[in-house]
Each structure stands twice: as structure tokens, then as C-alpha cells.
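Listing of my_file.txt; format and content: compact mmCIF, C-alpha atoms.
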# COMPACT_ATOMS: atom_id res chain seq x y z
CA MET A 1117 95.03 68.55 145.92
CA ALA A 1118 98.17 67.77 143.98
CA GLY A 1119 96.65 69.44 140.93
CA ARG A 1120 95.96 72.62 142.87
CA ARG A 1121 99.55 72.71 144.21
CA GLY A 1122 100.74 72.33 140.64
CA TRP A 1123 98.78 75.43 139.57
CA ILE A 1124 100.16 77.43 142.51
CA ARG A 1125 103.68 76.35 141.56
CA LEU A 1126 103.01 77.59 138.03
CA LEU A 1127 101.58 80.89 139.22
CA LEU A 1128 104.82 82.35 140.56
CA PRO A 1129 106.91 81.83 137.41
CA THR A 1130 103.99 83.09 135.32
CA LEU A 1131 103.77 86.23 137.42
CA PHE A 1132 107.54 86.65 137.19
CA VAL A 1133 107.45 86.39 133.38
CA ALA A 1134 104.46 88.77 133.22
CA VAL A 1135 106.33 91.39 135.27
CA LEU A 1136 109.42 91.00 133.07
CA LEU A 1137 107.33 91.39 129.94
CA ALA A 1138 105.59 94.47 131.36
CA LEU A 1139 108.92 96.05 132.30
CA SER A 1140 110.42 95.42 128.88
CA ALA A 1141 107.23 96.34 127.01
CA LYS A 1142 108.79 99.44 125.56
CA SER A 1143 111.39 97.47 123.62
CA TRP A 1144 109.33 94.51 122.44
CA LEU A 1145 106.29 96.58 121.50
CA GLY A 1146 108.47 98.38 118.97
CA LEU A 1147 109.78 95.14 117.47
CA PRO A 1148 107.03 94.57 114.86
CA ALA A 1149 107.57 98.09 113.47
CA ARG A 1150 111.33 97.56 113.39
CA THR A 1151 110.96 94.40 111.30
CA ILE A 1152 109.75 96.45 108.33
CA MET A 1153 112.51 99.06 108.60
CA ALA A 1154 115.79 98.95 106.72
CA GLN A 1155 118.96 100.94 107.14
CA PRO A 1156 122.32 100.62 105.41
CA GLU A 1157 125.27 99.61 107.55
CA ALA A 1158 127.41 102.52 108.76
CA SER A 1159 130.28 101.58 106.45
CA PHE A 1160 128.12 101.89 103.31
CA SER A 1161 128.91 105.09 101.49
CA PRO A 1162 126.54 105.67 98.56
CA THR A 1163 127.53 107.61 95.46
CA MET A 1164 123.95 107.80 94.19
CA ALA A 1165 120.54 108.05 95.79
CA VAL A 1166 117.05 107.57 94.48
CA THR A 1167 113.72 107.82 96.18
CA LEU A 1168 110.85 105.53 95.29
CA GLY A 1169 108.59 108.28 96.54
CA GLY A 1170 106.73 108.63 99.75
CA TYR A 1171 106.36 110.91 102.65
CA GLN A 1172 109.50 112.58 103.99
CA SER A 1173 111.73 111.39 101.15
CA GLU A 1174 112.80 114.98 100.68
CA LEU A 1175 114.03 115.23 104.27
CA ARG A 1176 115.98 112.00 104.03
CA LEU A 1177 117.62 113.07 100.78
CA LYS A 1178 118.69 116.32 102.42
CA HIS A 1179 120.09 114.36 105.34
CA TRP A 1180 122.19 112.18 103.02
CA GLN A 1181 123.35 115.14 100.97
CA GLY A 1182 124.51 116.72 104.21
CA GLN A 1183 126.56 113.60 104.93
CA ILE A 1184 127.86 113.13 101.38
CA PRO A 1185 127.98 116.44 99.45
CA ASP A 1186 128.87 114.72 96.13
CA LEU A 1187 125.90 112.36 96.32
CA GLN A 1188 124.32 112.13 92.87
CA VAL A 1189 120.54 112.06 93.03
CA ILE A 1190 118.81 110.24 90.20
CA ALA A 1191 115.13 110.45 89.34
CA LEU A 1192 112.76 107.67 88.34
CA GLU A 1193 109.97 108.90 86.10
CA PRO A 1194 106.76 106.86 85.87
CA PRO A 1195 104.82 106.77 82.59
CA ALA A 1196 102.09 109.37 82.06
CA ARG A 1197 98.63 108.81 83.52
CA TRP A 1198 95.51 109.35 81.45
CA THR A 1199 94.77 112.64 83.19
CA GLN A 1200 98.17 113.87 82.04
CA GLU A 1201 97.55 112.68 78.48
CA ALA A 1202 94.22 114.54 78.58
CA GLY A 1203 95.92 117.75 79.74
CA LEU A 1204 94.13 117.78 83.11
CA ARG A 1205 97.38 117.46 85.06
CA PRO A 1206 100.94 118.65 84.37
CA THR A 1207 103.41 116.32 82.69
CA THR A 1208 105.60 114.01 84.76
CA ARG A 1209 108.71 115.86 83.57
CA LYS A 1210 107.37 119.21 84.80
CA MET A 1211 106.43 117.76 88.20
CA THR A 1212 109.76 115.95 88.58
CA ASP A 1213 111.60 119.19 87.76
CA TYR A 1214 109.65 121.00 90.46
CA LEU A 1215 110.36 118.32 93.07
CA LEU A 1216 114.07 118.30 92.24
CA GLU A 1217 114.27 122.08 92.52
CA LYS A 1218 112.42 121.89 95.83
CA ARG A 1219 115.14 119.51 97.04
CA GLY A 1220 117.74 122.10 96.08
CA LEU A 1221 118.86 120.30 92.92
CA ASP A 1222 119.33 121.58 89.40
CA PRO A 1223 116.91 119.49 87.26
CA ASN A 1224 119.28 119.75 84.29
CA THR A 1225 122.04 117.89 86.14
CA VAL A 1226 119.90 115.07 87.48
CA PRO A 1227 119.93 111.85 85.42
CA ARG A 1228 116.44 110.47 84.68
CA ILE A 1229 115.36 106.90 84.28
CA VAL A 1230 112.08 106.85 82.40
CA MET A 1231 110.16 103.72 83.32
CA THR A 1232 107.76 102.03 80.94
CA ASN A 1233 106.20 100.13 83.82
CA PRO A 1234 106.07 101.43 87.41
CA ASN A 1235 104.51 98.26 88.89
CA GLY A 1236 105.96 95.36 90.86
CA TRP A 1237 109.74 95.07 90.82
CA HIS A 1238 110.12 97.12 87.63
CA PRO A 1239 111.61 100.17 89.42
CA LEU A 1240 114.27 97.84 90.81
CA ARG A 1241 114.96 96.37 87.38
CA ALA A 1242 115.33 99.86 85.90
CA LEU A 1243 117.78 100.83 88.64
CA ALA A 1244 119.78 97.60 88.28
CA ALA A 1245 120.07 98.16 84.52
CA TRP A 1246 121.36 101.66 85.28
CA LEU A 1247 123.99 100.30 87.66
CA GLU A 1248 125.12 97.77 85.06
CA GLU A 1249 125.94 100.47 82.51
CA PRO A 1250 129.74 100.82 82.03
CA ALA A 1251 129.71 104.40 83.35
CA HIS A 1252 128.13 103.31 86.66
CA LEU A 1253 130.02 100.15 87.50
CA GLN A 1254 131.75 101.85 90.41
CA ASP A 1255 128.60 103.40 91.84
CA ARG A 1256 126.80 102.43 95.03
CA LEU A 1257 123.12 103.20 95.20
CA LEU A 1258 120.95 104.11 98.17
CA ILE A 1259 117.23 103.49 97.61
CA LEU A 1260 114.87 105.40 99.87
CA VAL A 1261 111.65 103.46 100.18
CA ASP A 1262 108.38 103.44 102.11
CA PRO A 1263 108.56 100.90 104.99
CA THR A 1264 105.48 99.05 103.72
CA ARG A 1265 107.36 98.21 100.50
CA ALA A 1266 110.86 97.66 101.92
CA ASN A 1267 110.59 93.90 102.49
CA TYR A 1268 108.89 93.48 99.11
CA PHE A 1269 111.75 95.19 97.27
CA LEU A 1270 114.42 93.62 99.45
CA THR A 1271 113.11 90.16 98.59
CA GLY A 1272 113.01 91.19 94.94
CA SER A 1273 116.63 92.29 95.06
CA PHE A 1274 117.61 88.86 96.40
CA SER A 1275 115.48 86.97 93.94
CA PHE A 1276 116.67 88.37 90.61
CA LEU A 1277 119.53 90.85 90.94
CA PRO A 1278 123.03 89.59 90.15
CA ARG A 1279 125.14 89.35 93.31
CA GLU A 1280 127.55 92.01 92.04
CA VAL A 1281 124.74 94.54 91.50
CA ARG A 1282 123.03 93.63 94.75
CA SER A 1283 126.22 94.28 96.68
CA ARG A 1284 126.10 97.90 95.47
CA ILE A 1285 122.50 98.55 96.54
CA ARG A 1286 121.16 99.36 100.00
CA PHE A 1287 117.68 100.27 101.15
CA GLU A 1288 116.71 102.87 103.69
CA THR A 1289 113.15 103.21 104.90
CA LEU A 1290 111.62 106.63 105.23
CA PRO A 1291 110.69 107.73 108.74
CA ILE A 1292 106.89 107.59 108.98
CA PRO A 1293 105.54 109.18 112.20
CA ASP A 1294 102.75 106.58 112.59
CA LEU A 1295 105.36 103.81 112.40
CA ALA A 1296 107.69 105.04 115.12
CA PRO A 1297 108.40 101.98 117.35
CA GLU A 1298 107.01 103.73 120.42
CA VAL A 1299 103.67 104.72 118.88
CA TRP A 1300 102.73 102.40 115.98
CA TRP A 1301 100.53 100.11 118.11
CA ARG A 1302 98.42 103.04 119.27
CA ARG A 1303 97.60 104.24 115.73
CA ARG A 1304 95.32 102.71 113.13
CA ASN A 1305 97.76 103.55 110.33
CA GLY A 1306 100.57 102.00 112.36
CA TRP A 1307 98.75 98.64 112.49
CA LYS A 1308 97.81 98.90 108.84
CA ASP A 1309 101.37 99.69 107.73
CA VAL A 1310 103.04 97.02 109.86
CA ALA A 1311 100.58 94.39 108.62
CA THR A 1312 101.01 95.56 105.02
CA GLY A 1313 104.80 95.52 105.28
CA TRP A 1314 104.78 91.97 106.66
CA PHE A 1315 102.27 90.66 104.17
CA LEU A 1316 103.98 92.22 101.17
CA GLY A 1317 107.31 90.81 102.36
CA ALA A 1318 105.75 87.36 102.81
CA PHE A 1319 104.01 87.75 99.46
CA ALA A 1320 107.30 88.42 97.69
CA LEU A 1321 108.92 85.51 99.50
CA PHE A 1322 106.28 82.94 98.53
CA ALA A 1323 104.69 84.33 95.37
CA GLY A 1324 107.39 86.56 93.91
CA GLU A 1325 106.62 89.78 92.13
CA GLY A 1326 102.90 89.06 91.66
CA GLN A 1327 100.49 90.32 89.04
CA TYR A 1328 99.28 93.82 88.43
CA GLY A 1329 96.41 95.11 86.36
CA GLU A 1330 96.66 97.54 83.51
CA ARG A 1331 96.36 101.19 84.36
CA PHE A 1332 92.89 102.66 84.10
CA ASN A 1333 92.50 104.70 80.93
CA PRO A 1334 88.99 105.81 79.97
CA LEU A 1335 90.10 107.79 76.90
CA ASP A 1336 89.13 106.51 73.47
CA SER A 1337 91.27 107.05 70.35
CA SER A 1338 89.79 110.51 69.85
CA GLY A 1339 90.69 111.54 73.42
CA LYS A 1340 87.08 111.49 74.69
CA ILE A 1341 85.85 109.70 77.80
CA THR A 1342 83.51 106.98 76.62
CA TRP A 1343 84.20 104.48 79.38
CA ALA A 1344 81.45 102.06 80.45
CA PRO A 1345 81.74 99.27 83.01
CA ASP A 1346 81.94 95.59 82.12
CA SER A 1347 78.97 93.42 82.90
CA PRO A 1348 77.04 93.01 85.12
CA LEU A 1349 76.89 96.76 85.75
CA ALA A 1350 76.67 97.51 82.04
CA GLY A 1351 73.44 95.55 81.97
CA ALA A 1352 71.94 97.55 84.81
CA THR A 1353 69.43 99.89 83.34
CA PRO A 1354 67.48 102.65 85.01
CA MET B 1029 91.85 56.82 134.05
CA LYS B 1030 91.17 57.60 130.43
CA ARG B 1031 94.26 58.71 128.50
CA SER B 1032 94.00 60.59 125.26
CA ASN B 1033 95.49 58.98 122.17
CA PRO B 1034 98.53 61.03 120.96
CA GLY B 1035 97.99 59.91 117.38
CA ARG B 1036 94.44 61.17 117.45
CA ARG B 1037 95.58 64.50 118.95
CA TRP B 1038 98.13 65.02 116.15
CA PHE B 1039 95.51 64.13 113.58
CA LEU B 1040 93.24 66.86 114.99
CA VAL B 1041 96.08 69.41 114.98
CA ALA B 1042 96.86 68.54 111.35
CA VAL B 1043 93.19 68.90 110.38
CA VAL B 1044 92.95 72.31 112.10
CA LEU B 1045 96.09 73.48 110.33
CA LEU B 1046 95.22 72.05 106.95
CA LEU B 1047 91.57 73.02 106.93
CA PRO B 1048 92.14 76.70 106.08
CA LEU B 1049 94.54 75.67 103.33
CA LEU B 1050 92.22 73.09 101.84
CA THR B 1051 89.23 75.40 101.94
CA SER B 1052 91.17 78.45 100.67
CA PRO B 1053 89.76 78.20 97.11
CA TRP B 1054 86.41 78.96 98.72
CA TRP B 1055 87.15 81.51 101.43
CA MET B 1056 89.83 83.58 99.71
CA PRO B 1057 87.68 84.71 96.75
CA ALA B 1058 84.78 85.09 99.19
CA MET B 1059 86.86 87.49 101.29
CA GLY B 1060 87.55 89.68 98.27
CA ARG B 1061 83.99 89.54 96.92
CA TRP B 1062 82.47 90.36 100.28
CA LEU B 1063 84.16 93.76 100.23
CA VAL B 1064 82.48 94.68 96.96
CA VAL B 1065 78.83 95.71 97.16
CA GLU B 1066 77.10 95.41 93.80
CA GLU B 1067 73.45 96.37 93.75
CA ASN B 1068 70.79 96.41 91.09
CA LEU B 1069 71.04 100.00 90.07
CA GLU B 1070 67.95 102.15 90.30
CA PRO B 1071 67.74 105.83 89.41
CA ALA B 1072 68.65 107.96 92.40
CA ASP B 1073 68.14 111.63 93.18
CA LEU B 1074 71.86 112.23 93.54
CA ILE B 1075 75.16 110.65 92.57
CA LEU B 1076 77.98 111.16 95.06
CA VAL B 1077 81.61 110.68 94.01
CA LEU B 1078 83.73 110.04 97.10
CA GLY B 1079 87.19 111.55 97.42
CA GLY B 1080 90.29 109.51 96.61
CA ASP B 1081 91.23 107.51 93.50
CA ALA B 1082 90.35 110.64 91.53
CA GLU B 1083 91.38 109.20 88.16
CA VAL B 1084 88.70 106.51 88.29
CA ARG B 1085 85.76 107.40 90.54
CA PRO B 1086 84.61 110.55 88.67
CA VAL B 1087 84.68 108.65 85.35
CA VAL B 1088 82.30 106.06 86.84
CA GLY B 1089 80.15 108.83 88.34
CA ALA B 1090 79.92 110.49 84.93
CA TRP B 1091 78.93 107.17 83.32
CA ALA B 1092 76.13 106.80 85.89
CA TYR B 1093 74.97 110.34 85.12
CA ARG B 1094 74.94 109.67 81.36
CA GLN B 1095 72.87 106.53 82.06
CA GLY B 1096 70.28 108.67 83.84
CA LEU B 1097 71.04 107.14 87.25
CA GLY B 1098 71.12 110.54 88.95
CA LYS B 1099 70.17 114.14 88.29
CA LYS B 1100 73.18 115.79 89.90
CA VAL B 1101 76.72 114.68 90.66
CA LEU B 1102 78.01 115.64 94.09
CA TYR B 1103 81.68 115.33 94.95
CA SER B 1104 83.46 115.65 98.26
CA GLN B 1105 86.32 118.05 98.83
CA PRO B 1106 89.26 116.45 100.62
CA SER B 1107 91.06 118.66 103.12
CA ASP B 1108 94.46 120.31 102.67
CA ARG B 1109 96.07 117.21 104.16
CA PHE B 1110 95.56 115.58 100.77
CA GLU B 1111 97.05 118.45 98.76
CA PRO B 1112 99.43 117.25 96.06
CA GLU B 1113 103.13 117.71 96.71
CA VAL B 1114 103.41 119.77 93.53
CA PRO B 1115 101.45 123.04 93.90
CA PHE B 1116 100.49 123.29 90.22
CA ASP B 1117 99.18 119.71 90.20
CA PRO B 1118 95.43 120.26 90.71
CA PRO B 1119 94.06 118.96 94.02
CA GLU B 1120 91.14 116.55 93.97
CA ARG B 1121 88.57 119.27 94.55
CA GLU B 1122 89.63 120.74 91.18
CA LEU B 1123 90.49 117.52 89.36
CA ILE B 1124 87.18 115.73 90.07
CA PRO B 1125 84.91 118.43 88.55
CA ALA B 1126 87.32 118.79 85.62
CA ILE B 1127 87.04 115.05 84.88
CA LEU B 1128 83.26 115.15 85.30
CA ARG B 1129 83.03 118.01 82.79
CA LYS B 1130 85.30 116.23 80.33
CA ALA B 1131 83.17 113.09 80.69
CA GLY B 1132 80.02 114.98 79.67
CA VAL B 1133 78.39 116.15 82.92
CA PRO B 1134 77.05 119.70 82.47
CA GLU B 1135 78.61 122.32 84.75
CA GLY B 1136 75.25 123.08 86.39
CA ASP B 1137 74.82 119.47 87.53
CA ILE B 1138 78.21 119.24 89.25
CA VAL B 1139 77.87 120.17 92.92
CA PRO B 1140 80.64 120.26 95.54
CA LEU B 1141 79.63 118.96 98.98
CA PRO B 1142 80.12 122.02 101.18
CA GLY B 1143 83.03 121.79 103.61
CA GLU B 1144 86.31 119.91 103.58
CA VAL B 1145 86.50 116.28 104.61
CA ASP B 1146 89.20 114.05 106.04
CA GLY B 1147 87.77 110.61 105.27
CA THR B 1148 84.62 108.56 104.79
CA LEU B 1149 83.19 109.55 108.19
CA GLY B 1150 83.50 113.24 107.28
CA GLU B 1151 81.94 112.59 103.88
CA GLY B 1152 78.96 111.00 105.65
CA GLU B 1153 78.54 114.08 107.83
CA ARG B 1154 78.78 116.47 104.85
CA LEU B 1155 76.26 114.38 102.89
CA CYS B 1156 73.89 114.45 105.84
CA ASP B 1157 74.14 118.26 106.04
CA TYR B 1158 73.54 118.54 102.30
CA LEU B 1159 70.45 116.31 102.39
CA LYS B 1160 68.98 118.26 105.30
CA GLN B 1161 69.33 121.52 103.39
CA ASN B 1162 68.61 120.42 99.84
CA GLY B 1163 66.57 117.23 100.11
CA GLY B 1164 67.03 113.99 98.19
CA LYS B 1165 65.75 110.56 99.12
CA THR B 1166 68.20 108.31 97.29
CA VAL B 1167 71.93 108.65 96.77
CA LEU B 1168 74.07 106.55 94.45
CA VAL B 1169 77.57 106.54 95.91
CA VAL B 1170 80.57 105.92 93.66
CA THR B 1171 83.71 104.61 95.29
CA THR B 1172 86.42 102.08 94.52
CA ASN B 1173 85.15 98.49 94.60
CA TRP B 1174 87.08 97.36 97.72
CA HIS B 1175 85.80 100.40 99.64
CA THR B 1176 82.07 99.90 98.92
CA ARG B 1177 81.26 97.68 101.95
CA ARG B 1178 82.71 99.98 104.60
CA ALA B 1179 81.67 103.21 102.86
CA GLY B 1180 78.10 101.94 102.50
CA TRP B 1181 77.87 101.17 106.23
CA ILE B 1182 79.34 104.49 107.27
CA LEU B 1183 77.29 106.65 104.92
CA GLN B 1184 73.98 104.90 105.63
CA LYS B 1185 74.62 105.19 109.36
CA LYS B 1186 75.41 108.91 109.09
CA VAL B 1187 72.49 109.66 106.77
CA GLY B 1188 70.02 107.53 108.76
CA ASP B 1189 66.44 107.80 107.56
CA LEU B 1190 67.10 110.90 105.47
CA ALA B 1191 67.98 108.90 102.37
CA ARG B 1192 68.72 105.45 101.05
CA VAL B 1193 72.33 104.87 100.02
CA GLN B 1194 73.14 102.64 97.04
CA MET B 1195 76.70 101.71 96.11
CA LEU B 1196 78.26 101.76 92.65
CA PRO B 1197 81.73 100.14 92.64
CA ALA B 1198 84.45 101.69 90.50
CA PRO B 1199 87.15 99.35 89.16
CA SER B 1200 90.56 99.12 90.75
CA PRO B 1201 93.35 97.94 88.42
CA GLY B 1202 95.32 96.51 91.34
CA PHE B 1203 92.44 94.58 92.88
CA ASP B 1204 90.48 91.74 91.34
CA PRO B 1205 88.08 90.50 94.06
CA ALA B 1206 88.18 86.92 92.75
CA VAL B 1207 91.98 86.61 92.71
CA TRP B 1208 93.17 89.44 94.97
CA TRP B 1209 95.98 87.33 96.52
CA ARG B 1210 97.85 87.17 93.21
CA SER B 1211 98.81 90.84 93.26
CA PRO B 1212 100.68 92.76 95.96
CA GLY B 1213 98.20 95.60 95.48
CA GLY B 1214 95.29 93.23 96.07
CA VAL B 1215 96.85 91.84 99.24
CA GLU B 1216 97.51 95.36 100.48
CA MET B 1217 93.95 96.51 99.81
CA VAL B 1218 92.20 93.48 101.31
CA LEU B 1219 94.36 93.57 104.38
CA SER B 1220 94.01 97.28 104.88
CA GLU B 1221 90.26 97.24 104.30
CA TYR B 1222 89.62 94.38 106.77
CA LEU B 1223 91.73 96.14 109.39
CA LYS B 1224 89.77 99.36 108.81
CA ILE B 1225 86.48 97.45 109.08
CA ILE B 1226 87.58 95.88 112.38
CA TRP B 1227 88.75 99.30 113.59
CA TYR B 1228 85.45 100.87 112.52
CA LYS B 1229 83.40 98.17 114.24
CA ILE B 1230 85.38 98.52 117.49
CA ARG B 1231 85.87 102.29 117.59
CA GLY B 1232 82.93 103.39 115.47

Turn this file's structure into C-alpha cells for me.
Amino acid sequence: MAGRRGWIRLLLPTLFVAVLLALSAKSWLGLPARTIMAQPEASFSPTMAVTLGGYQSELRLKHWQGQIPDLQVIALEPPARWTQEAGLRPTTRKMTDYLLEKRGLDPNTVPRIVMTNPNGWHPLRALAAWLEEPAHLQDRLLILVDPTRANYFLTGSFSFLPREVRSRIRFETLPIPDLAPEVWWRRRNGWKDVATGWFLGAFALFAGEGQYGERFNPLDSSGKITWAPDSPLAGATP
Amino acid sequence: MKRSNPGRRWFLVAVVLLLPLLTSPWWMPAMGRWLVVEENLEPADLILVLGGDAEVRPVVGAWAYRQGLGKKVLYSQPSDRFEPEVPFDPPERELIPAILRKAGVPEGDIVPLPGEVDGTLGEGERLCDYLKQNGGKTVLVVTTNWHTRRAGWILQKKVGDLARVQMLPAPSPGFDPAVWWRSPGGVEMVLSEYLKIIWYKIRG
């Protein structure tokens, strides 16, 4: 009897909490998506901006240029892929020029940082080295980044950047429609991106930068494709 | 009245928490390997190169062709949604046949799957249409290693009894099935693929 009364006494507070949770669902449902977003504080005024690529980076750059007309955009150029070396795709320089022009910029006035390695935290290292050059010691850099990578890079910036350089860098995540706080939990890509953002952030926290494989290149020294898989597939015969 | 021993309860909690950690050398590689379907390759009527990862999959498809594992190489044509941001950068529907040609597949044996597709489900539907019109009892499907499990299920389900689907995994530089947790790319792929599998199993 006493046990049953105990359950009834528990029922009312439980119902009360359930109603509160239901009423505030709109705000807490958006919380997981918000945890992978980053935005600079209002007082941060960048002198330079760079995008690590991704959907809608163009729109965000335009937004910032509207706010700060003198904002200097810099471009990060990844190394050529094998399809570019083989002449099947345009060169990185040609594509970067097009994208800069599309953003209303004169490609000849945009500084380039040519990366030898685009993996892991290397883009961040390249940008930090740029900021440490004597000519850029007064600059403040805004990095536009995909939300899935924001926590990964943010952790990287805390783990190896000197405090002075870190104080001049801020991250802003690009607005991805599937990740909007009010809709992410109804979309497959929303779940995928939130989970990826969390896991990559946790990964960076516990394991650091991580390993990355070499880029796939099937070309031999003569420029022909002679690629064959490693065993056991190589041993599979018709 | 029998009272439970608090010490014993904490011991059980510790075991439950530690068990996944202690057994991780077994289940973590198993998770990665399970995604990759590797079959004993037999000659098929057709080789199908799925869309996506266009720098790798067609090279593997061309290797299979050169090995005599298929008479024709089909490739799917991703929809405009996947158009490159730069208009003079060739889209996949142009890049894939160009790579196949460069890798030694004769022009006449390179066949586009008619119709644009938006994902693996669409590719299954297009393959089904193709088989109904042109025949073919076995298809060797080339896709990136971590995608082979889900793609195999989807394509075999769509194709039904029309043909038997075999999978040929293409390598992924960012994903080593045995040690996927050591690279951010591996973590991203495993996570994303398991979520897609769960989504596929629930929503179909």
C-alpha cells in the first residue's frame, strides 16, 4: 500500500517535469546543433577572412565584407589531385581564381597560401604561420568553417597554437540548412552532422590531430593508370 | 527482508562500464570490417561504378574490366545537385567516363545508366530499369569500401531476382577498417555509415 502511494506521489512531479520539458522543447531540441556552432564575439573585428570551404561560404564572406569593407580575403590552395595532374580537371589555381571572381574579388589582389598537406590540422598550421609573419602581426583572422569540423579545429587551435596567435583567430560556422536548431532532429543529415561534429570534437580532445592516409594516386611514372589493388583482391582471379 | 549489497552493485556497474573498454580491441576493428564486403570475385555480366568518390571508384572499375571481371562498365549519373561549384570543373557524369577511358576501357564498353540519380536508392532503381531492358544476370558493383555493406543491401533489394549483385570495395585513403578510430576521417565515415544503416533499416 505504502509502495503504491509512493508511486502516486512520484507521478505528479514527473508529469509536471514532462509538461515543462514539452513546453520548452523548442529550445532544448536545438541545443545539440548549437553545440557544434561557433561565432565570434560581437567585439571581434577581423582584418582578414578565410574559408575552409563548404556550402554557403560565399554568402558568409559577402556578409562579412558588407560589415567590414576593408576585409582582406585570403585563399588556401590545396595540392593538386591526380586527376588535375592527368589533365582531366582544371588546375587548383584556375578554380580558385574563378571562385574568387565569383565572390566579387580580384584574384590578383588575393594572397594565396599554398598548402603541401590539406589534412588534419595542417590548414590551421598554414594560417598560423601566415599570422606570425612580420607583415601580419597586427591582423585578426576570421576562419569560416563547416560546423562538423568546428570543434575539431577549435581544439586544434587550443592544443598547439601560441596564445598570442590564438587570440587573433576566431571561428565562424557556416549556416547549413539541415543543421538549423529547429529542424536538425527531423533530418537524416542533421543527425549525421551533429554526431560527426561531436565525435570529431571528442576525437581531437582525446586523440589529437589523428592519422590520415596518403592521397589516392593511380598514375605511374609515365602518367598511365596501372593501379591494381593490394591482396587479397589482387589474388582474385576470374 | 533481503538487502542488496552496495559493494556488489558498484562492482556490477564498474564491470558494465569497463566491459566495452576492455573488449574494444575486438569490437572496434570488427565494426570497421563489418562495413566492408569482400567477396570472392567471379566474372560478372556487368561492372557498375557507383557515383561519388569519382577519383577512386572508376579506377577500380577499370581494373576489374582489365581483369576480365565484366564485359561492360556502367556508371551512374549523379543529378545536378552534385554539380561542381566551378562550372568548367567536369561533373562526375563526365569525369567518370574520362577516367575509365584513360584507364584502358574502350569507349564502346562504357555505358551510362540512363537517368539522373540522387543516391544509392536511385542507383538501384536505374540499375533495375537497365537490367529489365538490356538483360544481365550478374553485376559487380564498385563503391568505396565503407559503403559496400549498405550499397549491397540496397541494390540487391531493388534488383530482386533480376540479377545477383557482387561488391568490389574501392580503397579509401581516410578509412582503414582495422584502425578506423585513429583518423578523424575514419571516425566520420564509420559514424555516418552506421547512422545511415540505422536510418535505412528504420525508414527503408

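In this structure, CA of Leu1258 (chain A) sits 7.1 Å away from CA of Glu1288 (chain A).
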
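Considering the residues A:Leu1168, A:Leu1335, A:Leu1240, A:Val1226 and counting all atoms listed in the file, Leu1260 (chain A) has its shortest atom-to-atom contact with A:Leu1168.
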
Legend entry - Option closest in space to chain A, from B:Met1195, B:Leu1076, B:Ala1131, B:Ala1092 [counting all atoms listed in the file]: B:Ala1131

Legend entry - 8 Å contacts from chain A to chain B using all atoms listed in the file, as a ChimeraX atom specification: /A:1198-1199,1204-1206,1211,1214-1215,1236,1304,1308,1311-1312,1315-1316,1319,1323,1325-1332,1334,1340-1345,1349,1352-1354

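Take the candidates A:Leu1216, A:Leu1147, A:Val1230, A:Val1135 and check each one against Pro1195 (chain A) using only C-alpha atoms; the shortest distance goes to A:Val1230.
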